[in-house]
file start_38.cif (mmCIF, C-alpha atoms)
data_data
loop_
_atom_site.label_atom_id
_atom_site.label_comp_id
_atom_site.auth_asym_id
_atom_site.auth_seq_id
_atom_site.Cartn_x
_atom_site.Cartn_y
_atom_site.Cartn_z
CA MET A 1 69.30 75.67 117.70
CA ARG A 2 71.97 74.66 115.18
CA SER A 3 75.60 75.81 115.24
CA SER A 4 75.04 78.35 112.46
CA GLU A 5 72.16 79.95 114.37
CA LEU A 6 74.15 80.09 117.60
CA ALA A 7 77.16 81.58 115.88
CA HIS A 8 75.00 84.22 114.20
CA MET A 9 73.32 85.28 117.46
CA ALA A 10 76.64 85.42 119.32
CA GLY A 11 78.43 87.29 116.53
CA VAL A 12 81.11 84.65 115.99
CA SER A 13 81.92 82.14 113.27
CA VAL A 14 81.08 78.43 113.26
CA ARG A 15 84.81 77.81 113.08
CA THR A 16 85.21 79.71 116.36
CA LEU A 17 82.57 77.48 117.95
CA ARG A 18 84.48 74.39 116.89
CA HIS A 19 87.68 75.83 118.29
CA TYR A 20 86.03 76.57 121.63
CA HIS A 21 84.75 73.00 121.74
CA ALA A 22 88.21 71.64 120.90
CA ILE A 23 89.89 73.50 123.78
CA GLY A 24 87.10 72.75 126.25
CA LEU A 25 85.97 76.35 126.63
CA LEU A 26 82.43 75.68 125.36
CA PRO A 27 80.75 72.41 126.43
CA GLU A 28 79.66 70.04 123.70
CA PRO A 29 75.85 70.04 123.27
CA GLU A 30 73.60 67.06 122.78
CA ARG A 31 73.40 65.66 119.28
CA THR A 32 70.35 64.63 117.34
CA SER A 33 69.92 61.11 116.02
CA SER A 34 71.31 62.35 112.73
CA GLY A 35 74.46 63.68 114.43
CA TYR A 36 73.75 67.40 114.43
CA ARG A 37 74.62 69.49 117.50
CA THR A 38 71.64 71.13 119.18
CA TYR A 39 72.43 74.13 121.31
CA GLU A 40 70.46 75.59 124.22
CA ALA A 41 70.20 79.08 125.68
CA THR A 42 72.89 78.14 128.22
CA HIS A 43 75.37 77.71 125.37
CA LEU A 44 74.47 81.11 123.95
CA LEU A 45 74.92 82.78 127.35
CA ARG A 46 78.32 81.13 127.91
CA LEU A 47 79.41 82.11 124.42
CA LEU A 48 78.38 85.72 125.03
CA ARG A 49 80.26 85.73 128.35
CA ILE A 50 83.34 84.36 126.59
CA ARG A 51 83.10 87.11 123.98
CA GLN A 52 82.73 89.77 126.68
CA LEU A 53 85.80 88.61 128.61
CA ALA A 54 87.78 88.35 125.39
CA SER A 55 86.81 91.93 124.54
CA LEU A 56 88.32 93.04 127.87
CA GLY A 57 91.61 91.48 126.88
CA PHE A 58 91.55 88.14 128.63
CA SER A 59 93.20 85.27 126.79
CA LEU A 60 91.27 82.09 126.06
CA GLU A 61 93.45 80.30 128.62
CA GLN A 62 92.34 82.79 131.28
CA ILE A 63 88.66 82.87 130.32
CA GLY A 64 87.90 79.27 131.29
CA PRO A 65 89.12 79.57 134.92
CA MET A 66 87.51 83.01 135.20
CA LEU A 67 84.10 81.67 134.12
CA ASP A 68 84.37 78.69 136.47
CA GLU A 69 85.15 80.93 139.42
CA LEU A 70 82.41 83.42 138.56
CA ASP A 71 79.89 80.57 138.30
CA ALA A 72 80.94 79.21 141.69
CA GLU A 73 80.72 82.65 143.31
CA ARG A 74 77.23 83.26 141.92
CA VAL A 75 76.03 79.97 143.37
CA GLN A 76 77.40 80.92 146.78
CA GLY A 77 76.28 84.54 146.53
CA ASP A 78 79.82 85.79 147.11
CA SER A 79 81.66 88.71 145.56
CA LEU A 80 84.67 88.20 143.35
CA GLY A 81 87.04 85.65 144.83
CA PRO A 82 90.83 85.86 144.97
CA GLY A 83 91.29 83.93 141.72
CA ALA A 84 89.12 86.29 139.71
CA GLN A 85 90.67 89.29 141.43
CA ASP A 86 94.14 88.05 140.52
CA LEU A 87 93.12 87.63 136.89
CA LEU A 88 91.68 91.14 136.85
CA ASP A 89 94.86 92.54 138.43
CA GLU A 90 96.99 90.70 135.88
CA LEU A 91 94.86 92.00 133.02
CA ASP A 92 94.95 95.54 134.40
CA GLN A 93 98.75 95.43 134.65
CA ARG A 94 99.03 94.11 131.10
CA LEU A 95 96.73 96.83 129.79
CA GLU A 96 98.72 99.48 131.64
CA GLU A 97 101.88 98.21 129.94
CA GLN A 98 100.13 98.25 126.56
CA ILE A 99 98.95 101.81 127.13
CA SER A 100 102.49 102.84 128.03
CA GLN A 101 103.78 101.17 124.88
CA LEU A 102 101.14 102.89 122.75
CA GLU A 103 102.01 106.26 124.28
CA HIS A 104 105.68 105.59 123.52
CA GLN A 105 104.78 104.72 119.92
CA ARG A 106 102.79 107.95 119.56
CA GLU A 107 105.73 109.94 120.92
CA LEU A 108 108.05 108.17 118.49
CA ILE A 109 105.73 109.03 115.59
CA ARG A 110 105.79 112.65 116.72
CA HIS A 111 109.60 112.61 116.70
CA ILE A 112 109.66 111.00 113.26
CA ARG A 113 107.39 113.71 111.87
CA THR A 114 109.26 116.53 113.58
CA ARG A 115 112.69 115.31 112.45
CA HIS A 116 111.54 113.96 109.08
CA ALA A 117 113.18 110.69 110.10
CA ASP A 118 112.79 107.31 108.41
CA PRO A 119 109.99 105.33 110.10
CA ASP A 120 111.43 101.98 108.98
CA TYR A 121 114.47 102.29 111.29
CA PRO A 122 114.45 101.84 115.08
CA GLU A 123 114.43 104.86 117.34
CA ARG A 124 117.78 104.04 118.92
CA ALA A 125 119.46 104.26 115.51
CA MET A 126 118.22 107.75 114.70
CA ARG A 127 121.27 109.51 116.14
CA VAL A 128 123.57 107.29 114.08
CA LEU A 129 121.63 107.90 110.89
CA ASP A 130 121.63 111.63 111.64
CA ALA A 131 125.42 111.52 111.98
CA VAL A 132 125.83 109.62 108.70
CA ASN A 133 123.44 111.95 106.86
CA ALA A 134 125.24 115.01 108.24
CA PHE A 135 128.55 113.54 107.07
CA GLU A 136 127.18 112.94 103.58
CA ARG A 137 125.75 116.45 103.38
CA GLN A 138 129.11 117.92 104.29
CA THR A 139 130.91 115.97 101.57
CA HIS A 140 128.45 117.27 98.99
CA GLU A 141 128.85 120.83 100.26
CA PHE A 142 132.59 120.48 99.78
CA GLY A 143 131.96 119.46 96.17
CA PHE A 144 133.35 115.92 96.27
CA LEU A 145 132.60 113.94 93.14
CA LEU A 146 132.25 110.64 94.98
CA ASN A 147 129.53 109.82 97.47
CA ALA A 148 130.84 109.25 100.96
CA LEU A 149 129.05 105.93 101.21
CA THR A 150 128.75 103.19 98.60
CA GLU A 151 125.53 101.20 98.16
CA ASP A 152 127.09 98.31 100.12
CA ASP A 153 127.93 100.77 102.91
CA ARG A 154 124.29 101.86 102.98
CA ILE A 155 123.06 98.29 103.22
CA ALA A 156 125.52 97.56 106.01
CA MET A 157 124.49 100.69 107.87
CA GLY A 158 120.82 99.78 107.51
CA ILE A 159 121.36 96.31 108.94
CA ALA A 160 123.53 97.71 111.72
CA ALA A 161 120.78 100.19 112.60
CA HIS A 162 118.44 97.28 113.27
CA LEU A 163 120.77 94.64 114.75
CA TYR A 164 123.71 96.37 116.46
CA THR A 165 123.71 96.90 120.21
CA ASP A 166 123.39 100.37 121.70
CA GLY A 167 127.14 100.40 122.36
CA GLU A 168 127.98 99.44 118.79
CA LEU A 169 125.64 102.06 117.39
CA ALA A 170 127.17 104.69 119.68
CA GLU A 171 130.60 103.80 118.28
CA ILE A 172 129.42 104.28 114.69
CA GLU A 173 127.97 107.66 115.64
CA ARG A 174 131.25 108.72 117.29
CA ILE A 175 133.20 107.77 114.17
CA PHE A 176 131.02 109.62 111.68
CA ARG A 177 130.90 112.72 113.86
CA ALA A 178 134.64 112.65 114.51
CA ILE A 179 135.65 112.45 110.82
CA PRO A 180 134.34 115.92 109.84
CA GLU A 181 134.98 117.43 113.28
CA ARG A 182 138.68 116.48 113.00
CA GLY A 183 138.95 117.60 109.39
CA LEU A 184 139.40 114.04 108.12
CA THR A 185 136.68 113.91 105.47
CA ASP A 186 139.07 114.48 102.59
CA GLU A 187 141.41 111.80 103.93
CA TYR A 188 138.51 109.37 104.39
CA LEU A 189 137.52 109.73 100.74
CA ARG A 190 141.13 109.52 99.58
CA VAL A 191 141.67 106.24 101.45
CA SER A 192 138.38 104.91 100.10
CA ARG A 193 139.49 105.73 96.56
CA LEU A 194 142.84 104.02 97.11
CA MET A 195 141.15 100.80 98.21
CA ASP A 196 138.39 100.96 95.61
CA THR A 197 140.77 101.54 92.68
CA LEU A 198 143.49 99.08 93.72
CA PRO A 199 144.04 96.90 90.62
CA GLY A 200 143.82 93.13 90.80
CA ASP A 201 147.49 92.83 89.80
CA ALA A 202 148.64 95.48 92.28
CA SER A 203 152.24 95.19 93.31
CA PRO A 204 153.24 94.65 96.93
CA ALA A 205 154.24 98.32 97.05
CA GLN A 206 150.82 99.44 95.82
CA ARG A 207 149.08 97.27 98.39
CA GLU A 208 151.32 98.53 101.16
CA HIS A 209 150.62 102.12 100.14
CA ALA A 210 146.86 101.57 100.44
CA ILE A 211 147.23 99.69 103.74
CA GLY A 212 149.51 102.36 105.15
CA ALA A 213 147.08 105.12 104.19
CA GLY A 214 144.24 103.17 105.81
CA MET A 215 146.20 102.66 109.02
CA ALA A 216 147.17 106.32 109.18
CA PHE A 217 143.52 107.29 108.90
CA LEU A 218 142.23 104.72 111.39
CA GLU A 219 144.83 105.70 113.99
CA LYS A 220 143.39 109.23 113.97
CA ILE A 221 139.94 107.95 114.99
CA ALA A 222 140.99 104.88 117.01
CA ASP A 223 139.99 106.59 120.26
CA CYS A 224 136.37 106.54 119.02
CA MET A 225 136.38 102.76 118.88
CA ASP A 226 135.67 100.23 121.59
CA PRO A 227 138.21 97.38 121.25
CA GLY A 228 135.56 94.94 122.45
CA ASN A 229 133.50 95.62 119.33
CA TRP A 230 136.46 94.85 117.09
CA LEU A 231 138.09 91.94 118.88
CA ARG A 232 134.93 89.84 119.37
CA PRO A 233 133.98 87.10 116.88
CA ASP A 234 131.97 88.26 113.89
CA LYS A 235 128.20 87.92 114.06
CA ASP A 236 126.33 85.94 111.40
CA TYR A 237 125.03 88.99 109.57
CA GLU A 238 128.47 90.62 109.67
CA ARG A 239 129.94 87.61 107.88
CA MET A 240 127.09 87.80 105.38
CA LEU A 241 127.78 91.48 104.70
CA GLU A 242 131.50 90.83 104.37
CA ASN A 243 130.88 88.07 101.83
CA MET A 244 128.51 90.37 99.95
CA THR A 245 131.17 93.08 99.81
CA MET A 246 133.99 90.73 98.83
CA VAL A 247 132.11 89.75 95.66
CA HIS A 248 132.83 93.23 94.31
CA TYR A 249 136.52 93.21 95.32
CA ASN A 250 139.44 91.81 93.38
CA ASP A 251 142.12 89.64 94.99
CA ALA A 252 144.41 92.58 95.74
CA GLN A 253 141.62 94.56 97.42
CA ILE A 254 140.59 91.57 99.53
CA ALA A 255 144.18 90.94 100.61
CA ALA A 256 144.74 94.61 101.45
CA SER A 257 141.47 94.85 103.39
CA ASP A 258 142.26 91.71 105.39
CA GLU A 259 145.74 92.95 106.21
CA LEU A 260 144.43 96.39 107.20
CA PHE A 261 141.87 94.83 109.54
CA LEU A 262 144.51 92.53 111.04
CA ARG A 263 146.94 95.36 111.73
CA PHE A 264 144.29 97.63 113.17
CA THR A 265 142.84 94.99 115.49
CA ARG A 266 146.35 94.26 116.71
CA LEU A 267 146.75 97.96 117.46
CA LEU A 268 143.47 98.03 119.37
CA ALA A 269 144.35 94.86 121.26
CA LYS A 270 147.71 96.35 122.26
CA ARG A 271 146.09 99.54 123.48
CA ALA A 272 143.40 97.60 125.34
CA GLY A 273 146.07 95.53 127.05
CA GLY A 274 147.65 98.66 128.43
#
call {"tool": "encode", "arguments": {"input": "start_38.cif", "output": "structure tokens"}}
result
Amino acid sequence: MRSSELAHMAGVSVRTLRHYHAIGLLPEPERTSSGYRTYEATHLLRLLRIRQLASLGFSLEQIGPMLDELDAERVQGDSLGPGAQDLLDELDQRLEEQISQLEHQRELIRHIRTRHADPDYPERAMRVLDAVNAFERQTHEFGFLLNALTEDDRIAMGIAAHLYTDGELAEIERIFRAIPERGLTDEYLRVSRLMDTLPGDASPAQREHAIGAGMAFLEKIADCMDPGNWLRPDKDYERMLENMTMVHYNDAQIAASDELFLRFTRLLAKRAGG
């Protein structure tokens, strides 16, 4: 039979046949004088056995050794040998892990539905996003005219939700829960306004006023912060986000933000050093 006939009977494509030949999984058949492959029933049986093992979850790399061992055992009249048993055990373990993962995914979907959470954010970030959303809701309830978070803040929070470590996410959650719990929401927005409205030609006194207000606020929530998260080198995406934010800042705002960060990290380093 020709390759197209074999492929049709086995329920695979001719391209799959060629691939199996290329990796040595299916022996090359004899060729006619005109160069066409001519397949026998033995090729069809091997192809069907390959498809069966693949349907169980075996990889193509595992199927070849499995077929060789099964062939040898049938010749000798033996039961499954240790090699085949090991492959079955390995497959069973892998399937058990996949089942566990699927069960975890189903549980996660249930949580997403129950909590009306965003499915495009990782599970470990849900508590952080809940804290941020609760903070935003509170600011609206208090009637503030400004949103608590700018669009850049939202982008940064979204990236952090995906890329930050568990410890870094826990710190963000502590901060956004502490601000309303300690009655600091109004101060947070006031400091944000000071920095956001600082003119490009701000005087040294104006800059110092904004920096001082920022330091006063940060000192009230400094206990929520892990110095290790602040004193380590910036990650690539953090530098990217900072550059993205700086595009919208004037020179005075950039200088004030840099100075505020420098002073606060010095404070954290001093506290961490005892």
call {"tool": "closest_residue", "arguments": {"input": "start_38.cif", "among": "A:Glu181, A:Ile159, A:Tyr36, A:His104", "to": "Asp236 in chain A", "atoms": "all atoms listed in the file"}}
result
A:Ile159
call {"tool": "residues_around", "arguments": {"input": "start_38.cif", "residues": "range 175-177 of chain A", "least_positions_apart": "3", "cutoff": "7 Å", "atoms": "only C-alpha atoms", "output": "PDB file with C-alpha atoms, keeping the file's coordinate frame"}}
result
ATOM      1  CA  ALA A 131     125.420 111.520 111.980  1.00  0.00           C
ATOM      2  CA  VAL A 132     125.830 109.620 108.700  1.00  0.00           C
ATOM      3  CA  PHE A 135     128.550 113.540 107.070  1.00  0.00           C
ATOM      4  CA  GLU A 171     130.600 103.800 118.280  1.00  0.00           C
ATOM      5  CA  ILE A 172     129.420 104.280 114.690  1.00  0.00           C
ATOM      6  CA  PRO A 180     134.340 115.920 109.840  1.00  0.00           C
ATOM      7  CA  GLU A 181     134.980 117.430 113.280  1.00  0.00           C
ATOM      8  CA  ILE A 221     139.940 107.950 114.990  1.00  0.00           C
ATOM      9  CA  CYS A 224     136.370 106.540 119.020  1.00  0.00           C
TER      10      CYS A 224
END
call {"tool": "resolve_selection", "arguments": {"input": "start_38.cif", "expression": "the PyMOL selection byres ((chain A and resi 9) around 12)", "output": "PyMOL selection string"}}
result
chain A and resi 1-8+10-14+39+41+43-45+47-48+51
call {"tool": "residues_around", "arguments": {"input": "start_38.cif", "residues": "range 206-215 of chain A", "least_positions_apart": "4", "cutoff": "12 Å", "atoms": "only C-alpha atoms", "output": "PyMOL selection string"}}
result
chain A and resi 187-202+219-222+251-268
call {"tool": "atom_distance", "arguments": {"input": "start_38.cif", "atom1": "CA of Val247 in chain A", "atom2": "CA of Ala161 in chain A"}}
result
22.9 Å
call {"tool": "atom_distance", "arguments": {"input": "start_38.cif", "atom1": "CA of Leu88 in chain A", "atom2": "CA of Met66 in chain A"}}
result
9.3 Å
call {"tool": "closest_residue", "arguments": {"input": "start_38.cif", "among": "A:Asp71, A:Asp120, A:Glu136, A:Asp86", "to": "Arg46 in chain A", "atoms": "all atoms listed in the file"}}
result
A:Asp71
call {"tool": "atom_distance", "arguments": {"input": "start_38.cif", "atom1": "CA of Asn243 in chain A", "atom2": "CA of Trp230 in chain A"}}
result
17.6 Å
call {"tool": "closest_residue", "arguments": {"input": "start_38.cif", "among": "A:Leu87, A:Arg15, A:Ala134, A:Asp234", "to": "Ile179 in chain A", "atoms": "all atoms listed in the file"}}
result
A:Ala134
call {"tool": "closest_residue", "arguments": {"input": "start_38.cif", "among": "A:Gln105, A:Glu96, A:Leu169, A:Asp89", "to": "Pro119 in chain A", "atoms": "all atoms listed in the file"}}
result
A:Gln105
call {"tool": "closest_residue", "arguments": {"input": "start_38.cif", "among": "A:Leu163, A:Met244, A:Leu108, A:Ala170", "to": "Val128 in chain A", "atoms": "only C-alpha atoms"}}
result
A:Ala170
call {"tool": "residues_around", "arguments": {"input": "start_38.cif", "residues": "Lys235 in chain A", "least_positions_apart": "3", "cutoff": "12 Å", "atoms": "all atoms listed in the file", "output": "ChimeraX atom specification"}}
result
/A:159-160,163-165,229-232,238-242
call {"tool": "resolve_selection", "arguments": {"input": "start_38.cif", "expression": "the PyMOL selection byres ((chain A and resi 24-35) around 9)", "output": "number ranges by chain"}}
result
A: 17-23, 36-40, 43, 46-47, 50, 60-61, 63-64
call {"tool": "closest_residue", "arguments": {"input": "start_38.cif", "among": "A:Ser100, A:Leu91, A:Gln76, A:Asp186", "to": "Ser55 in chain A", "atoms": "all atoms listed in the file"}}
result
A:Leu91
